[in-house]
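Read through the structure below, which is laid out as structure tokens, and then see the notes.
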Amino acid sequence: MMAEAKWLILFGIACYGFGALSVTADELYGIAQFYGTNGVYYFPIIGARGLWDAWVYVFTGLGFCFFLCVFSVLMLQRTKPPVKRDIQSETRTE
């Protein structure tokens with residue numbers, strides 16, 4: 001159960017990041033439409049960036065979050081034990 005929980009938590013964090021970065025991409029699109037190439041976007045940690053830098057950061061983050069989502073789903077499927085079937089009961093005809 002703990003092996004599954006860590007992959008579910010990673011999936012949730014990656015989905016949250018993907019959603020937050022999608023909203024940021026929408027904001028960047030609005031800034032680009034309003035200000036053109038002179039627009040500036042302010043990131044809380046790394047400061048003000050031009051629109052080109054901001055697009056690169058956002059789309060890199062989106063790609064990373066998408067990778068983490070897919071990776072966590074694949075690892076979650078891998079942690080489950082294989083399903084054992086009773087072959088005799090499936091092939092028996094009565």
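Letters A, B, ... mark the chains of the structure tokens in the order given; residue numbers begin at 1 per chain; ligand numbers begin at 1, in order shown.
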Problem - stretch 28-40 of chain A surroundings by only C-alpha atoms, 7 Å radius, close-in-sequence under 4 positions cut, as a PyMOL selection string - result: chain A and resi 24+48-51
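Excluding stretch 67-79 of chain A itself and any same-chain residue fewer than 2 positions from it, the protein and nucleic acid residues within 9 Å of it, counting only C-alpha atoms, are Ala3, Glu4, Ala5, Lys6, Trp7, Leu8, Ile9, Leu10, Phe11, Gly12, Ile13, Ala14, Cys15, Leu62, Gly63, Phe64, Cys65, Pro81 and Pro82 of chain A.
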Exercise for the section: Once DSSP has gone over the backbone, tell me which residues of chain A are in alpha helix (DSSP H), as number ranges by chain. Expected result: A: 2-35, 51-79, 87-91
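Backbone DSSP over chain A gives strand (DSSP E or B) for Val40, Tyr41, Tyr42, Phe43, Gly47, Ala48, Arg49 and Gly50 of chain A.
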Please dump the current selection as a tab-separated table (two decimals), in the first residue's frame; keep N, CA, C and O atoms.
chain	number	residue	atom	x	y	z
A	40	VAL	N	6.41	41.81	-19.75
A	40	VAL	CA	7.28	41.22	-18.74
A	40	VAL	C	6.41	40.41	-17.79
A	40	VAL	O	5.32	40.84	-17.41
A	41	TYR	N	6.90	39.23	-17.42
A	41	TYR	CA	6.19	38.40	-16.45
A	41	TYR	C	7.06	38.25	-15.22
A	41	TYR	O	8.27	38.02	-15.32
A	42	TYR	N	6.47	38.37	-14.04
A	42	TYR	CA	7.22	38.30	-12.79
A	42	TYR	C	7.00	36.95	-12.12
A	42	TYR	O	5.89	36.61	-11.76
A	43	PHE	N	8.09	36.19	-11.98
A	43	PHE	CA	8.05	34.94	-11.22
A	43	PHE	C	8.45	35.25	-9.78
A	43	PHE	O	9.44	35.96	-9.56
A	47	GLY	N	12.18	36.24	-10.28
A	47	GLY	CA	12.04	37.65	-10.66
A	47	GLY	C	11.42	37.87	-12.02
A	47	GLY	O	10.82	36.98	-12.61
A	48	ALA	N	11.59	39.10	-12.51
A	48	ALA	CA	10.97	39.50	-13.77
A	48	ALA	C	11.73	38.91	-14.95
A	48	ALA	O	12.95	38.89	-14.98
A	49	ARG	N	10.96	38.44	-15.92
A	49	ARG	CA	11.53	37.88	-17.14
A	49	ARG	C	10.75	38.40	-18.33
A	49	ARG	O	9.56	38.70	-18.24
A	50	GLY	N	11.43	38.47	-19.46
A	50	GLY	CA	10.74	38.80	-20.70
A	50	GLY	C	9.83	37.66	-21.10
A	50	GLY	O	9.89	36.54	-20.55
